[in-house]
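Everything below belongs to input-v2.txt, which stores compact mmCIF, C-alpha atoms and all ligand atoms.
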```
# COMPACT_ATOMS: atom_id res chain seq x y z
CA MET A 13 -26.60 47.74 51.33
CA LEU A 14 -26.41 48.53 55.03
CA LYS A 15 -22.74 49.40 54.60
CA THR A 16 -23.56 51.95 51.87
CA LYS A 17 -26.23 53.51 54.08
CA ILE A 18 -23.83 53.85 57.00
CA LEU A 19 -21.22 55.31 54.69
CA MET A 20 -23.70 57.84 53.28
CA GLY A 21 -24.74 58.77 56.79
CA LEU A 22 -21.14 59.35 57.83
CA LEU A 23 -20.50 61.44 54.72
CA ALA A 24 -23.57 63.58 55.43
CA LEU A 25 -22.38 64.08 59.00
CA ALA A 26 -18.90 65.10 57.87
CA LEU A 27 -20.37 67.55 55.37
CA PHE A 28 -22.66 68.99 58.01
CA ALA A 29 -19.75 69.45 60.42
CA ALA A 30 -17.60 71.10 57.73
CA LEU A 31 -20.40 73.52 56.79
CA GLY A 32 -20.97 74.33 60.44
CA GLN A 33 -17.30 75.17 60.88
CA ALA A 34 -17.24 77.39 57.81
CA ALA A 35 -20.33 79.22 59.07
CA ALA A 36 -18.67 79.75 62.44
CA ARG A 37 -15.67 81.33 60.75
CA ALA A 38 -17.48 83.46 58.19
CA GLY A 39 -19.49 86.53 59.03
CA THR A 40 -16.92 88.34 61.19
CA LEU A 41 -18.05 91.71 59.82
CA ASP A 42 -21.68 90.86 60.66
CA GLN A 43 -20.71 89.89 64.18
CA VAL A 44 -18.66 93.04 64.66
CA GLN A 45 -21.51 95.20 63.34
CA ARG A 46 -24.09 93.51 65.56
CA ARG A 47 -21.83 93.77 68.59
CA GLY A 48 -21.20 97.45 67.87
CA PHE A 49 -17.42 97.37 68.30
CA LEU A 50 -14.30 95.62 67.05
CA ILE A 51 -12.24 93.33 69.31
CA CYS A 52 -8.55 93.74 68.59
CA GLY A 53 -5.80 91.48 69.97
CA SER A 54 -3.04 93.83 71.12
CA SER A 55 0.33 93.96 72.68
CA PRO A 56 0.27 93.83 76.48
CA GLY A 57 2.27 97.04 76.49
CA VAL A 58 4.91 98.08 73.99
CA ALA A 59 5.15 101.86 73.67
CA GLY A 60 4.72 103.03 70.10
CA PHE A 61 2.93 99.84 69.04
CA GLY A 62 0.25 99.18 71.66
CA LEU A 63 0.05 100.51 75.20
CA PRO A 64 -2.79 101.54 77.52
CA ASP A 65 -2.34 104.57 79.80
CA ASP A 66 -3.54 104.54 83.42
CA LYS A 67 -7.04 105.49 82.28
CA GLY A 68 -7.14 102.56 79.85
CA ASN A 69 -6.72 104.69 76.69
CA TRP A 70 -4.71 102.76 74.16
CA THR A 71 -2.21 104.32 71.74
CA GLY A 72 0.25 102.96 69.19
CA PHE A 73 0.87 101.99 65.62
CA ASP A 74 -0.95 98.64 65.88
CA VAL A 75 -3.67 100.27 67.97
CA ASP A 76 -4.23 102.88 65.25
CA PHE A 77 -4.53 100.13 62.69
CA CYS A 78 -7.44 98.62 64.65
CA ARG A 79 -8.95 102.09 65.06
CA ALA A 80 -8.76 102.48 61.28
CA VAL A 81 -10.69 99.22 60.76
CA ALA A 82 -13.30 100.45 63.28
CA GLY A 83 -13.42 103.81 61.47
CA ALA A 84 -14.12 102.07 58.14
CA ILE A 85 -16.96 100.04 59.70
CA PHE A 86 -18.57 102.44 62.20
CA ASN A 87 -17.40 105.91 61.15
CA ASP A 88 -16.14 106.00 64.74
CA ALA A 89 -12.54 105.02 65.43
CA SER A 90 -13.18 104.65 69.15
CA LYS A 91 -15.38 101.58 68.71
CA VAL A 92 -12.61 99.10 69.54
CA LYS A 93 -11.95 96.94 72.57
CA PHE A 94 -8.29 96.04 72.99
CA ILE A 95 -7.34 92.69 74.51
CA PRO A 96 -3.70 92.52 75.66
CA LEU A 97 -2.11 89.24 74.57
CA SER A 98 1.23 87.61 75.36
CA GLY A 99 3.51 86.24 72.65
CA LYS A 100 2.08 82.76 73.16
CA ASP A 101 -1.59 83.53 73.87
CA ARG A 102 -2.13 85.74 70.81
CA PHE A 103 -2.63 82.78 68.49
CA THR A 104 -5.13 80.85 70.62
CA ALA A 105 -7.10 84.07 71.15
CA LEU A 106 -7.42 84.55 67.40
CA GLN A 107 -8.16 80.88 66.71
CA SER A 108 -10.92 80.68 69.32
CA GLY A 109 -12.62 83.85 68.06
CA GLU A 110 -11.87 85.82 71.23
CA VAL A 111 -10.53 88.58 68.97
CA ASP A 112 -11.62 89.61 65.45
CA VAL A 113 -8.15 90.64 64.35
CA LEU A 114 -4.67 90.44 65.82
CA ALA A 115 -2.45 93.53 65.49
CA ARG A 116 0.47 92.88 67.79
CA ASN A 117 4.01 93.00 66.37
CA THR A 118 3.32 89.70 64.65
CA THR A 119 5.64 88.30 62.01
CA TRP A 120 4.21 86.75 58.84
CA THR A 121 5.56 83.21 58.46
CA ILE A 122 4.43 80.20 56.47
CA SER A 123 3.70 78.05 59.51
CA ARG A 124 1.47 80.70 61.07
CA GLU A 125 -0.64 80.59 57.91
CA THR A 126 -0.61 76.96 56.84
CA GLY A 127 -0.09 75.38 60.27
CA GLN A 128 -2.29 77.59 62.43
CA GLY A 129 -5.06 78.54 60.03
CA PHE A 130 -4.38 82.26 59.79
CA LEU A 131 -3.94 84.80 57.01
CA PHE A 132 -1.73 87.87 57.20
CA ALA A 133 -3.53 90.85 55.70
CA GLY A 134 -0.38 92.68 54.63
CA ILE A 135 2.82 94.12 56.04
CA THR A 136 2.33 97.25 58.11
CA TYR A 137 5.95 97.35 59.33
CA PHE A 138 9.04 95.75 57.79
CA ASP A 139 11.20 94.77 60.75
CA GLY A 140 14.17 92.53 61.54
CA GLN A 141 15.70 91.07 64.69
CA GLY A 142 18.62 92.68 66.50
CA PHE A 143 20.58 92.62 69.76
CA LEU A 144 20.95 95.08 72.59
CA VAL A 145 24.13 94.84 74.71
CA ARG A 146 25.81 96.81 77.42
CA LYS A 147 28.40 99.25 76.11
CA LYS A 148 30.99 98.13 78.62
CA LEU A 149 31.22 94.75 76.86
CA ASN A 150 32.85 96.66 74.00
CA LEU A 151 31.26 94.60 71.26
CA SER A 152 30.99 95.87 67.72
CA SER A 153 29.25 92.86 66.15
CA ALA A 154 26.75 90.16 67.09
CA LEU A 155 29.36 87.69 65.85
CA GLU A 156 31.29 88.45 69.05
CA LEU A 157 28.44 87.14 71.24
CA SER A 158 29.82 83.60 71.50
CA GLY A 159 29.16 82.21 74.99
CA ALA A 160 26.77 85.05 75.89
CA SER A 161 23.60 84.69 77.92
CA ILE A 162 20.67 86.19 76.03
CA CYS A 163 17.29 87.30 77.38
CA VAL A 164 14.52 86.36 74.96
CA GLN A 165 10.73 86.15 74.85
CA GLN A 166 8.89 82.83 74.45
CA GLY A 167 6.38 82.03 71.74
CA THR A 168 8.08 84.32 69.24
CA THR A 169 10.04 84.04 66.02
CA THR A 170 12.78 85.77 68.05
CA GLU A 171 13.54 82.53 69.91
CA LEU A 172 13.83 80.57 66.66
CA ASN A 173 16.02 83.11 64.85
CA LEU A 174 18.30 83.31 67.85
CA ALA A 175 18.87 79.55 67.70
CA ASP A 176 19.45 79.71 63.91
CA PHE A 177 21.91 82.57 64.18
CA PHE A 178 24.10 80.86 66.77
CA ARG A 179 23.91 77.44 65.11
CA GLY A 180 24.61 78.93 61.69
CA ASN A 181 27.68 80.71 63.01
CA ASN A 182 28.89 77.78 65.11
CA MET A 183 28.61 79.78 68.30
CA LYS A 184 27.35 78.79 71.75
CA TYR A 185 24.90 80.81 73.84
CA GLU A 186 22.65 80.48 76.84
CA PRO A 187 19.01 81.48 76.19
CA VAL A 188 17.18 82.91 79.21
CA ASN A 189 13.45 82.70 78.40
CA PHE A 190 10.59 84.89 79.58
CA ALA A 191 6.86 84.98 78.82
CA SER A 192 6.73 88.76 78.43
CA ALA A 193 8.90 91.56 77.12
CA ASP A 194 8.68 93.28 80.51
CA GLU A 195 10.26 90.34 82.31
CA ALA A 196 12.94 89.89 79.66
CA VAL A 197 13.89 93.57 79.73
CA LYS A 198 13.91 93.73 83.54
CA ALA A 199 16.17 90.67 83.64
CA TYR A 200 18.56 92.23 81.13
CA ASP A 201 18.55 95.51 83.04
CA GLY A 202 19.24 93.64 86.27
CA GLY A 203 22.34 92.05 84.74
CA ARG A 204 20.90 88.57 84.32
CA CYS A 205 21.88 88.42 80.62
CA ASP A 206 24.65 89.86 78.46
CA ALA A 207 22.23 90.71 75.68
CA TYR A 208 18.54 91.20 74.97
CA THR A 209 17.12 90.27 71.59
CA THR A 210 13.84 91.13 69.86
CA ASP A 211 12.57 92.88 66.72
CA ALA A 212 14.67 96.02 66.11
CA SER A 213 11.56 98.18 66.62
CA GLY A 214 11.16 96.60 70.06
CA LEU A 215 14.82 97.30 70.87
CA TYR A 216 14.25 101.02 70.27
CA VAL A 217 11.26 100.93 72.62
CA GLN A 218 12.81 98.83 75.37
CA ARG A 219 16.17 100.60 75.44
CA LEU A 220 14.38 103.76 76.57
CA ARG A 221 12.95 101.85 79.53
CA LEU A 222 16.33 100.79 80.94
CA ALA A 223 17.62 102.40 84.12
CA ASP A 224 20.28 104.05 81.94
CA PRO A 225 19.50 103.80 78.22
CA ASP A 226 22.91 105.25 77.32
CA ASP A 227 24.64 102.26 78.91
CA SER A 228 23.36 99.97 76.16
CA VAL A 229 23.72 99.91 72.38
CA VAL A 230 22.03 98.09 69.53
CA LEU A 231 24.49 95.98 67.52
CA PRO A 232 24.53 96.57 63.74
CA GLU A 233 23.39 93.10 62.60
CA ILE A 234 19.81 92.44 61.64
CA ILE A 235 19.60 88.64 61.73
CA SER A 236 16.13 87.99 60.29
CA LYS A 237 13.20 89.28 58.29
CA GLU A 238 10.23 90.22 60.49
CA PRO A 239 7.41 91.40 58.25
CA LEU A 240 4.82 92.52 60.82
CA GLY A 241 1.15 92.76 59.99
CA PRO A 242 -2.45 92.24 61.05
CA VAL A 243 -3.71 88.65 61.20
CA VAL A 244 -7.17 87.12 60.70
CA ARG A 245 -8.59 83.59 60.73
CA GLN A 246 -8.85 81.69 57.47
CA GLY A 247 -12.33 81.09 56.08
CA ASP A 248 -13.76 84.62 55.99
CA ASP A 249 -12.69 86.24 52.74
CA GLN A 250 -14.81 89.35 53.18
CA TRP A 251 -13.23 90.11 56.55
CA PHE A 252 -9.75 89.32 55.24
CA ASN A 253 -10.33 91.73 52.34
CA LEU A 254 -11.57 94.51 54.59
CA VAL A 255 -8.59 94.30 56.95
CA LYS A 256 -6.19 94.05 53.99
CA TRP A 257 -7.67 97.05 52.14
CA VAL A 258 -7.72 99.27 55.20
CA ASN A 259 -3.94 98.95 55.23
CA PHE A 260 -3.71 99.50 51.47
CA ALA A 261 -5.98 102.54 51.69
CA MET A 262 -3.69 104.14 54.29
CA ILE A 263 -0.62 103.55 52.12
CA ASN A 264 -2.37 104.77 48.96
CA ALA A 265 -3.56 107.87 50.84
CA GLU A 266 0.00 108.76 51.79
CA GLU A 267 1.14 108.23 48.21
CA LEU A 268 -1.67 110.49 46.93
CA GLY A 269 -1.00 113.17 49.55
CA VAL A 270 -4.34 112.69 51.28
CA SER A 271 -4.17 113.07 55.06
CA SER A 272 -6.49 113.45 58.06
CA LYS A 273 -5.90 117.20 57.81
CA ASN A 274 -6.71 117.71 54.13
CA ALA A 275 -9.18 114.87 53.41
CA ASP A 276 -12.14 117.25 53.13
CA GLU A 277 -10.30 119.62 50.83
CA LYS A 278 -9.05 116.69 48.73
CA ALA A 279 -12.65 115.59 48.38
CA LYS A 280 -12.90 118.37 45.78
CA SER A 281 -9.92 117.03 43.82
CA ASP A 282 -10.28 116.15 40.12
CA ARG A 283 -7.63 113.44 40.30
CA PRO A 284 -9.40 110.16 39.53
CA GLU A 285 -7.22 108.14 41.96
CA ILE A 286 -8.11 110.49 44.81
CA ARG A 287 -11.79 110.45 43.87
CA ARG A 288 -11.81 106.65 43.85
CA LEU A 289 -9.93 106.47 47.19
CA LEU A 290 -12.37 108.83 48.86
CA GLY A 291 -15.39 107.09 47.38
CA PHE A 292 -16.68 109.74 44.96
CA GLU A 293 -16.10 107.58 41.90
CA GLY A 294 -17.01 103.91 41.95
CA ASN A 295 -18.16 102.10 45.03
CA PHE A 296 -15.31 99.93 46.14
CA GLY A 297 -16.55 99.72 49.70
CA GLU A 298 -19.57 97.75 48.59
CA GLY A 299 -17.58 94.56 48.05
CA LEU A 300 -16.00 95.09 51.46
CA GLY A 301 -19.42 95.46 53.05
CA VAL A 302 -18.80 98.95 54.41
CA GLY A 303 -20.09 101.57 51.91
CA ALA A 304 -18.39 103.86 49.39
CA GLU A 305 -16.62 106.27 51.76
CA TRP A 306 -14.83 103.66 53.87
CA ALA A 307 -11.32 104.90 52.99
CA TYR A 308 -12.30 108.54 53.52
CA ARG A 309 -13.34 107.59 57.05
CA VAL A 310 -10.08 105.70 57.67
CA VAL A 311 -7.94 108.64 56.58
CA LYS A 312 -10.11 111.36 58.13
CA LEU A 313 -10.45 109.64 61.52
CA VAL A 314 -7.04 107.98 61.89
CA GLY A 315 -4.72 109.25 59.15
CA ASN A 316 -2.67 107.98 56.25
CA TYR A 317 0.20 105.51 56.75
CA GLY A 318 2.81 108.25 57.09
CA GLU A 319 0.83 110.17 59.71
CA VAL A 320 0.27 107.04 61.78
CA PHE A 321 3.96 106.08 61.54
CA ASP A 322 5.15 109.58 62.40
CA ARG A 323 2.83 110.04 65.39
CA ASN A 324 3.57 106.66 67.02
CA LEU A 325 7.07 105.68 65.95
CA GLY A 326 8.67 108.48 63.96
CA GLU A 327 9.80 112.06 64.44
CA SER A 328 6.71 113.17 66.39
CA SER A 329 7.15 110.31 68.90
CA ASN A 330 9.77 109.64 71.59
CA LEU A 331 11.14 106.76 69.56
CA LYS A 332 12.31 108.76 66.50
CA ILE A 333 12.44 105.65 64.30
CA LYS A 334 13.38 106.52 60.72
CA ARG A 335 11.06 105.41 57.94
CA GLY A 336 13.95 103.39 56.41
CA ILE A 337 12.59 100.45 54.43
CA ASN A 338 9.11 101.44 55.60
CA ALA A 339 9.22 104.48 53.33
CA LEU A 340 6.87 104.45 50.35
CA TRP A 341 8.15 102.66 47.23
CA THR A 342 8.13 106.08 45.52
CA LYS A 343 10.73 107.20 48.09
CA GLY A 344 12.99 104.17 47.95
CA GLY A 345 11.16 102.08 50.53
CA LEU A 346 9.07 98.91 50.43
CA GLN A 347 5.61 100.23 51.29
CA TYR A 348 3.54 99.65 48.18
CA ALA A 349 -0.22 99.16 47.88
CA PRO A 350 -2.24 97.82 44.94
CA PRO A 351 -4.52 100.38 43.32
CA ILE A 352 -8.08 101.14 44.31
CA ARG A 353 -9.94 100.71 41.03
N1 LIG A 401 7.62 89.59 65.74
C1 LIG A 401 7.90 88.50 66.62
C2 LIG A 401 8.08 88.96 68.06
C3 LIG A 401 6.83 89.51 68.65
C4 LIG A 401 6.97 90.07 70.06
O1 LIG A 401 6.46 89.47 71.00
N2 LIG A 401 7.62 91.22 70.17
C5 LIG A 401 7.82 91.90 71.41
C6 LIG A 401 8.53 93.20 71.03
S1 LIG A 401 9.09 94.07 72.41
C7 LIG A 401 6.51 92.21 72.10
O2 LIG A 401 5.60 92.70 71.48
N3 LIG A 401 6.40 91.92 73.39
C8 LIG A 401 5.25 92.31 74.18
C9 LIG A 401 5.02 91.38 75.35
O3 LIG A 401 4.67 90.22 75.14
O4 LIG A 401 5.16 91.80 76.50
C10 LIG A 401 6.83 87.43 66.51
O5 LIG A 401 5.81 87.65 65.84
O6 LIG A 401 6.99 86.36 67.09
```

How would this structure read if it were set down as structure tokens?
Amino acid sequence: MLKTKILMGLLALALFAALGQAAARAGTLDQVQRRGFLICGSSPGVAGFGLPDDKGNWTGFDVDFCRAVAGAIFNDASKVKFIPLSGKDRFTALQSGEVDVLARNTTWTISRETGQGFLFAGITYFDGQGFLVRKKLNLSSALELSGASICVQQGTTTELNLADFFRGNNMKYEPVNFASADEAVKAYDGGRCDAYTTDASGLYVQRLRLADPDDSVVLPEIISKEPLGPVVRQGDDQWFNLVKWVNFAMINAEELGVSSKNADEKAKSDRPEIRRLLGFEGNFGEGLGVGAEWAYRVVKLVGNYGEVFDRNLGESSNLKIKRGINALWTKGGLQYAPPIR
């Protein structure tokens, strides 16, 4: 009898604790709205993706994604606080609730979802890992890197892929580990390593920061898949959906030819897909908790996917990264968003 009572008590306690935890995780949108701004976990400083200037104004592809989420919620894309996070610290910051969303060159992997309690809300940039080497080494392939010392950043998939690549090809190497990209790049530039490895997008960025960028080349091999995207905590479906559909709205807007420049004009369009995207037919923002014109605000205030890519990474930026596999599916690329209907 007593045993059953104790057991019931313990069960009730466990249930109470579980409910408490779920409540702590849910309601991110509410919290953000009450606080009046979004808190976005960002890169500590990677040009093109996330970088503050000396006045603390942030720019970049990941930064614009967070601005788009803020635009959907507040009709004001400036209502974001950016928290710079290292490769290692980004996950604890998201887990503890220090940030509402993480948009920081982060690769979608199974262990980051099932092991760490996160969900990736889509793929904003299809990337892959590469190597940067000095030209004078006269290498034409990463397969010639046997015995090389390689500068690499800790707490990243980069470290793991590097180990796989060398083990898989029966080659030896000496990893030289750093907590930040800055330190790893400086060490490479100072001659401490034969090669520097990171996501190919990062190689474009970091090469330009070398004392002499023309002294180094990117080798042709891409040794991994790095699908980069925004990350949220598990347990808050509404928030997950909002972050996910902001990305989809930006991709759909590009596909439909709706941009920050013509959004108002397109508001007069008869095309049902455009009317649904901009919130004149149906109210798809309701389920997201942000009102019918959420996607109009995203596109008007921040831009469609193509505009954001072009301004931060593409032709209109210093980096001149080609759309490549990040082109829309209608143009031979992989960027594809489910319909708004
Ligand atoms: N995509 C990989 C690598 C992420 C990563 O840390 N990339 C570098 C690219 S340069 C970066 O953002 N470094 C910024 C820093 O920590 O200083 C991952 O998710 O583990």

Compile a residue-level contact table for range 199-221 of chain A against range 112-127 of chain A at a cut-off of 10 Å, reporting for every qualifying residue the shortest atom pair and its distance in Å to one decimal, with all atoms listed in the file counted, rows ordered by chain and ascending number, as a tab-separated table.
```
residue	atom	partner	partner_atom	distance
A:Asp211	CA	A:Asn117	CA	8.6
A:Ser213	CA	A:Asn117	CA	9.2
A:Gly214	CA	A:Asn117	CA	8.8
```

Report as a ChimeraX atom specification all protein, DNA and RNA residues lying within 12 Å of range 250-257 of chain A, evaluated on all atoms listed in the file, omitting residues in the same chain fewer than 6 positions from it.
/A:37-45,50,52,77-85,112-115,130-136,241-244,263-265,289,296-303,306-307,310,349-353

Determine the axis-aligned bounding box of all atoms of range 140-151 of chain A present in the file, pad each side by 6 Å, and express its centre and edge lengths in Å to one decimal place as JSON.
```
{"center_x": 23.5, "center_y": 95.2, "center_z": 70.1, "size_x": 30.7, "size_y": 20.2, "size_z": 29.1}
```

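Residues in contact with Ser98 in chain A at up to 8 Å, not including ones fewer than 5 positions away on its chain and judged by all atoms listed in the file, are Ser55, Pro56, Ala191 and Ser192 of chain A.
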
Which of these, A:Asn181, A:Ser90, A:Ser153, A:Thr168, has the shortest distance to Ile51 in chain A once you count all atoms listed in the file?
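Checking each candidate against Ile51 in chain A, we get A:Ser90 as the closest.
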
Nearest to ligand LIG 401 (chain A) by atom-to-atom distance, counting only C-alpha atoms and all ligand atoms, from A:Trp70, A:Phe49, A:Trp341, A:Tyr216:
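With only C-alpha atoms and all ligand atoms as the atom set, the closest residue is A:Tyr216.
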
Just the number, please: distance in Å from atom O1 of ligand LIG 401 (chain A) to CA of Leu155 in chain A, one decimal.
23.5 Å

Residue nearest Ser158 in chain A - candidates A:Ala212, A:Val188, A:Leu172, A:Ala207, atoms counted: all atoms listed in the file:
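Of all the options, A:Ala207 lies closest to Ser158 in chain A.
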
Quick one, how far is CA of Ser272 in chain A from CA of Arg309 in chain A?
9.1 Å

My list of candidates is A:Glu305, A:Glu238, A:Asp76, A:Glu156. Which is closest to ligand LIG 401 (chain A) when distances are computed with only C-alpha atoms and all ligand atoms?
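Comparing A:Glu305, A:Glu238, A:Asp76, A:Glu156 against ligand LIG 401 (chain A), the winner is A:Glu238.
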
Check the smallest atom-to-atom distance from each of A:Phe143, A:Tyr208, A:Tyr348, A:Phe94 to Asp194 in chain A using all atoms listed in the file, then report the winner.
A:Tyr208

So, with only C-alpha atoms as the atoms that count, which of A:Gly109, A:Gly269, A:Gly294, A:Gly60 lies closest to Ser328 in chain A?
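Of the candidates, the smallest distance to Ser328 in chain A is held by A:Gly60.
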
Computed interatomic separation between CA of Leu340 in chain A and CA of Thr169 in chain A (Å):
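For CA of Leu340 in chain A relative to CA of Thr169 in chain A, the distance reads 25.9 Å.
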
The residues within 12 Å of (16.1, 90.1, 63.9), using all atoms listed in the file and the coordinates of the file, should be reported as a PyMOL selection string; which are they?
chain A and resi 119+138-144+154+164+168-177+208-215+230-240

Env of range 145-149 of chain A: 6 Å cut, atoms = only C-alpha atoms, seq-sep filter 3 positions within chain, self excluded. Answer as an MDAnalysis selection string.
chainID A and resid 207 227:229
